[in-house]
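Visitor: One file is attached below, coords15.tsv, containing TSV, C-alpha atoms.
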chain	number	residue	atom	x	y	z
F	176	MET	CA	-3.32	23.58	-3.41
F	177	MET	CA	-4.19	19.89	-3.06
F	178	ASN	CA	-4.93	19.61	-6.80
F	179	THR	CA	-1.32	20.53	-7.58
F	180	LEU	CA	0.22	17.76	-5.47
F	181	LEU	CA	2.10	15.08	-7.39
F	182	MET	CA	0.48	11.72	-8.19
F	183	ASP	CA	2.55	9.54	-10.51
F	184	PHE	CA	2.14	5.85	-11.37
F	185	THR	CA	4.57	4.36	-13.88
F	186	VAL	CA	5.43	0.85	-14.98
F	187	ASP	CA	9.00	-0.11	-15.88
F	188	ARG	CA	8.61	-3.18	-18.07
F	189	GLU	CA	12.37	-3.82	-18.26
F	190	THR	CA	12.62	-4.33	-14.49
F	191	SER	CA	9.03	-5.56	-13.84
F	192	THR	CA	8.60	-2.70	-11.39
F	193	VAL	CA	5.84	-0.24	-10.59
F	194	HIS	CA	6.86	3.20	-9.34
F	195	VAL	CA	4.31	5.29	-7.45
F	196	LYS	CA	5.02	8.77	-6.16
F	197	LYS	CA	2.35	10.69	-4.22
F	198	GLN	CA	2.55	13.96	-2.31
F	199	PHE	CA	0.40	14.84	0.68
F	200	GLN	CA	-0.13	18.16	2.41
F	201	ALA	CA	0.58	16.67	5.83
F	202	SER	CA	3.55	16.05	8.10
F	203	GLN	CA	5.82	13.11	7.51
F	204	ASP	CA	4.91	11.75	10.96
F	205	LEU	CA	1.21	11.78	10.11
F	206	VAL	CA	1.69	10.14	6.71
F	207	TRP	CA	4.00	7.52	8.25
F	208	ASP	CA	1.31	6.70	10.82
F	209	ALA	CA	-1.28	6.38	8.04
F	210	PHE	CA	0.83	3.62	6.44
F	211	THR	CA	1.85	1.86	9.66
F	212	LYS	CA	-1.10	1.94	12.07
F	213	GLN	CA	-4.01	-0.38	11.41
F	214	GLU	CA	-6.70	1.99	12.68
F	215	ILE	CA	-5.68	4.54	10.03
F	216	LEU	CA	-4.88	2.01	7.28
F	217	ASP	CA	-8.38	0.55	7.53
F	218	GLN	CA	-9.82	4.01	6.79
F	219	TRP	CA	-8.15	4.40	3.39
F	220	TRP	CA	-6.39	1.28	2.05
F	221	ALA	CA	-9.31	-0.04	-0.05
F	222	PRO	CA	-10.71	1.76	-3.10
F	223	LEU	CA	-14.30	2.84	-2.42
F	224	PRO	CA	-16.85	1.32	-2.15
F	225	TRP	CA	-14.61	-1.46	-0.84
F	226	MET	CA	-13.35	-1.40	2.76
F	227	ALA	CA	-10.17	-2.71	4.35
F	228	LYS	CA	-10.40	-4.64	7.62
F	229	THR	CA	-7.33	-5.70	9.55
F	230	LYS	CA	-7.40	-9.09	11.25
F	231	PHE	CA	-4.00	-8.49	12.87
F	232	MET	CA	-1.02	-6.24	12.38
F	233	GLU	CA	2.42	-6.37	13.90
F	234	PHE	CA	4.40	-3.51	12.39
F	235	ARG	CA	7.96	-4.61	13.12
F	236	GLU	CA	10.72	-6.35	11.18
F	237	GLY	CA	9.54	-9.94	10.86
F	238	GLY	CA	5.96	-8.89	11.65
F	239	ARG	CA	2.87	-9.31	9.51
F	240	TRP	CA	-0.28	-7.49	8.47
F	241	LEU	CA	-3.23	-9.75	7.59
F	242	TYR	CA	-6.23	-7.92	6.21
F	243	SER	CA	-9.23	-8.35	3.97
F	244	MET	CA	-10.78	-6.20	1.30
F	245	LEU	CA	-14.55	-6.25	1.73
F	246	GLY	CA	-16.72	-5.53	-1.28
F	247	PRO	CA	-20.14	-3.87	-1.32
F	248	GLU	CA	-21.85	-7.16	-2.18
F	249	GLY	CA	-20.14	-9.27	0.48
F	250	GLU	CA	-16.99	-10.09	-1.50
F	251	GLU	CA	-13.93	-10.78	0.62
F	252	HIS	CA	-10.32	-10.97	-0.57
F	253	TRP	CA	-7.48	-11.59	1.86
F	254	ALA	CA	-3.92	-10.29	1.66
F	255	LEU	CA	-0.78	-10.52	3.73
F	256	ALA	CA	2.22	-8.23	4.13
F	257	ASP	CA	5.46	-9.58	5.61
F	258	TYR	CA	7.57	-6.68	6.96
F	259	LYS	CA	11.23	-7.17	6.02
F	260	PHE	CA	12.87	-3.89	7.03
F	261	ILE	CA	11.84	-0.76	8.93
F	262	SER	CA	13.70	2.53	9.29
F	263	PRO	CA	11.29	4.54	11.47
F	264	LYS	CA	9.58	7.50	9.80
F	265	THR	CA	11.58	7.14	6.53
F	266	ASN	CA	11.32	3.66	4.98
F	267	PHE	CA	9.88	0.20	5.23
F	268	LYS	CA	10.04	-2.85	2.99
F	269	LEU	CA	7.56	-5.67	2.73
F	270	GLU	CA	6.62	-8.67	0.64
F	271	ASP	CA	2.93	-8.99	-0.12
F	272	ALA	CA	0.73	-11.92	-1.12
F	273	PHE	CA	-2.84	-12.96	-1.63
F	274	CYS	CA	-3.90	-15.49	0.99
F	275	ASP	CA	-6.81	-17.00	2.88
F	276	ALA	CA	-8.34	-15.74	6.14
F	277	GLU	CA	-5.66	-17.59	8.14
F	278	GLY	CA	-2.75	-16.07	6.23
F	279	ASN	CA	-1.96	-19.15	4.13
F	280	ILE	CA	-0.42	-17.77	0.94
F	281	ASN	CA	-2.18	-18.44	-2.36
F	282	MET	CA	0.71	-19.65	-4.52
F	283	GLU	CA	-1.35	-19.20	-7.71
F	284	TRP	CA	-0.95	-15.44	-7.40
F	285	PRO	CA	2.34	-13.56	-7.59
F	286	ARG	CA	4.03	-11.91	-4.64
F	287	SER	CA	5.75	-8.56	-4.92
F	288	ASN	CA	8.33	-6.65	-2.92
F	289	TRP	CA	7.49	-3.12	-1.80
F	290	ASN	CA	10.03	-0.44	-0.88
F	291	VAL	CA	8.19	2.55	0.65
F	292	ASN	CA	10.07	5.81	1.27
F	293	PHE	CA	8.90	8.97	3.05
F	294	SER	CA	10.38	12.48	2.84
F	295	GLU	CA	9.13	15.93	3.77
F	296	SER	CA	9.84	19.39	2.40
F	297	ASN	CA	7.93	22.64	2.97
F	298	GLU	CA	5.07	20.84	4.79
F	299	ILE	CA	4.59	18.45	1.86
F	300	THR	CA	5.30	14.75	2.42
F	301	THR	CA	6.29	12.65	-0.57
F	302	VAL	CA	5.76	8.90	-0.51
F	303	SER	CA	7.80	7.03	-3.13
F	304	ILE	CA	6.89	3.38	-3.60
F	305	GLU	CA	8.74	0.82	-5.68
F	306	ILE	CA	6.86	-2.44	-6.22
F	307	ARG	CA	9.11	-5.09	-7.75
F	308	HIS	CA	7.73	-8.27	-9.31
F	309	ALA	CA	9.63	-11.46	-10.16
F	310	ASN	CA	8.80	-11.04	-13.85
F	311	MET	CA	6.65	-9.08	-16.28
F	312	ALA	CA	3.90	-11.73	-16.32
F	313	ASP	CA	3.43	-11.32	-12.55
F	314	LEU	CA	3.29	-7.54	-12.87
F	315	GLU	CA	0.76	-7.72	-15.69
F	316	LYS	CA	-1.42	-10.14	-13.71
F	317	ASN	CA	-1.68	-7.56	-10.91
F	318	ILE	CA	-2.33	-4.70	-13.36
F	319	GLU	CA	-5.13	-6.78	-14.99
F	320	LEU	CA	-6.75	-7.07	-11.55
F	321	GLY	CA	-7.12	-3.28	-11.54
F	322	PHE	CA	-4.21	-2.57	-9.22
F	323	LYS	CA	-3.36	0.78	-10.82
F	324	GLU	CA	-6.88	2.19	-10.62
F	325	GLY	CA	-7.53	0.74	-7.17
F	326	PHE	CA	-4.27	1.95	-5.64
F	327	ILE	CA	-4.67	5.46	-7.05
F	328	MET	CA	-8.20	5.56	-5.59
F	329	ALA	CA	-6.89	4.36	-2.22
F	330	LEU	CA	-4.20	7.06	-2.19
F	331	GLU	CA	-6.89	9.66	-2.89
F	332	ASN	CA	-8.81	8.21	0.08
F	333	LEU	CA	-5.67	8.83	2.14
F	334	THR	CA	-5.60	12.47	1.01
F	335	LYS	CA	-9.11	12.86	2.45
F	336	VAL	CA	-8.28	11.02	5.67
F	337	LEU	CA	-5.19	13.20	6.22
F	338	SER	CA	-7.19	16.40	5.65
F	339	LEU	CA	-9.45	15.36	8.54
F	340	GLN	CA	-6.46	14.75	10.86
F	341	LYS	CA	-5.37	18.38	10.96
Render the structure in this file as C-alpha cells.
Guide:
Amino acid sequence: MMNTLLMDFTVDRETSTVHVKKQFQASQDLVWDAFTKQEILDQWWAPLPWMAKTKFMEFREGGRWLYSMLGPEGEEHWALADYKFISPKTNFKLEDAFCDAEGNINMEWPRSNWNVNFSESNEITTVSIEIRHANMADLEKNIELGFKEGFIMALENLTKVLSLQK
C-alpha cells in the first residue's frame, strides 16, 4: 500500500512557488508531531547520509527552530525557521533562512515562506506544502542546491520513521 501513496513536487514558475503534496499511512496527530517536535524532526529532516541536529526549537507563533544539517564528511550547514502562524494539528506557516550557528541570517541566500497543511481521510494523512519565494531567481537558486531531490528523500525518511511509530 505504501507504494501507492501520493508524492508530488511541482514548481509554479509564474508565482515562484513550489508545491509539495505527500501522503502518509499514519494518523494526522502522528504526522503533525513529526513536523513539530524536534526529537522526531531530527530523525528524518535531512536526506541520508546527512543528519539534522536541532540546536533549539520553540514551536509557537513567534518561536524559532535553529538546526544544522551535518554531512558525512563533517560538513555543517545551518538553517533557521521563524514560525509565523500555528493552527494546531492542521496548519503552520514559517519563514526559513540559511544562517550561522547563532541564527544570524545569511542575507546572500534567499528566504522562503512555507505554508504547511495537514488533513486526514481513511487513515491516510496528506501534507500539502506551499513554498513561496520572492522571485523566480530565488526559487531557482534553491532548486540548484538540490532542494527537490533532498526534500523528497527527507519525506521518504519520514515514511520510514512513521512506520516504526505504529
Visitor: Box in all listed atoms of segment 220-226 of chain F, axis-aligned, with 8 Å more on each side; write out centre and edge lengths in Å to one decimal as AutoDock Vina command-line options.
Guide:
--center_x -11.6 --center_y 0.7 --center_z -0.2 --size_x 26.5 --size_y 20.3 --size_z 21.9
Visitor: Using all atoms listed in the file, which of the listed residues (F:Asn292, F:Lys268, F:Met311, F:Pro224) sits closest to Gly246 of chain F?
Guide: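 Comparing F:Asn292, F:Lys268, F:Met311, F:Pro224 against Gly246 of chain F, the winner is F:Pro224.
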Visitor: Smallest atom-to-atom distance to Thr265 of chain F: which of F:Thr211, F:Thr179, F:Asn310, F:Gln200, using all atoms listed in the file?
Guide: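 Smallest separation from Thr265 of chain F among the options: F:Thr211.
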Visitor: Using all atoms listed in the file, which residues sit within 8 Å of segment 317-331 of chain F once same-chain residues fewer than 4 positions away are excluded, as an mmCIF file with C-alpha atoms, in the coordinates of the input?
Guide:
data_model
loop_
_atom_site.group_PDB
_atom_site.id
_atom_site.type_symbol
_atom_site.label_atom_id
_atom_site.label_comp_id
_atom_site.auth_asym_id
_atom_site.auth_seq_id
_atom_site.Cartn_x
_atom_site.Cartn_y
_atom_site.Cartn_z
ATOM 1 C CA PHE F 184 2.140 5.850 -11.370
ATOM 2 C CA LYS F 197 2.350 10.690 -4.220
ATOM 3 C CA TRP F 219 -8.150 4.400 3.390
ATOM 4 C CA TRP F 220 -6.390 1.280 2.050
ATOM 5 C CA ALA F 221 -9.310 -0.040 -0.050
ATOM 6 C CA PRO F 222 -10.710 1.760 -3.100
ATOM 7 C CA LEU F 223 -14.300 2.840 -2.420
ATOM 8 C CA PRO F 285 2.340 -13.560 -7.590
ATOM 9 C CA ASP F 313 3.430 -11.320 -12.550
ATOM 10 C CA LYS F 335 -9.110 12.860 2.450
#
Visitor: Could you work out how far atom CA of Lys230 of chain F lies from atom CA of Glu251 of chain F, giving the answer in Å with one decimal?
Guide: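 These atoms are spaced 12.6 Å apart.
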Visitor: Considering all atoms listed in the file, state which residue in the set F:Thr301, F:Gln340, F:Asn332, F:Asn288 is at the smallest distance from Met182 of chain F.
Guide: F:Thr301
Visitor: So which residues touch Glu305 of chain F within 8 Å, counting all atoms listed in the file, skipping near sequence neighbours fewer than 5 positions away, as a PyMOL selection string?
Guide: chain F and resi 192-195+288-291
Visitor: Between F:Leu255, F:Ile304, F:Trp284, F:Val336, which is the closest to Lys316 of chain F once you count all atoms listed in the file?
Guide: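 Going through F:Leu255, F:Ile304, F:Trp284, F:Val336 one by one, the smallest distance to Lys316 of chain F is for F:Trp284.
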Visitor: For atom CA of Ala254 of chain F and atom CA of Asp271 of chain F, determine how far apart the two atoms are, in Å to one decimal place.
Guide: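 Result for atom CA of Ala254 of chain F versus atom CA of Asp271 of chain F: 7.2 Å, one decimal.
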Visitor: I'd like to know which of F:Val302, F:Met232, F:Leu333, F:Met244 is closest to Asp257 of chain F, using only C-alpha atoms.
Guide: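 Once distances to Asp257 of chain F are computed over only C-alpha atoms, the minimum belongs to F:Met232.
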Visitor: I need the residue nearest Ser303 of chain F from this list: F:Ala256, F:Leu216, F:Ser243, F:Asn266. Use only C-alpha atoms for the distance.
Guide: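 Of F:Ala256, F:Leu216, F:Ser243, F:Asn266, the one nearest Ser303 of chain F, counting only C-alpha atoms, is F:Asn266.
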Visitor: Just the number, please: distance in Å from atom CA of Asp217 of chain F to atom CA of Pro247 of chain F, one decimal.
Guide: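 For atom CA of Asp217 of chain F relative to atom CA of Pro247 of chain F, the distance reads 15.4 Å.
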Visitor: Set the distance at 12 Å and use only C-alpha atoms: which residues neighbour Phe234 of chain F once local chain neighbours fewer than 5 positions away are removed? I'd like the list as a count of residues only.
Guide: 21
Visitor: Please provide the set of residues having any atom within 12 Å of Asn297 of chain F, restricted to only C-alpha atoms, with same-chain residues fewer than 4 positions apart removed, written as a list of chain:residue names.
Guide: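 Here the answer would be F:Gln198, F:Phe199, F:Gln200, F:Ala201, F:Ser202, F:Gln203, F:Thr301.
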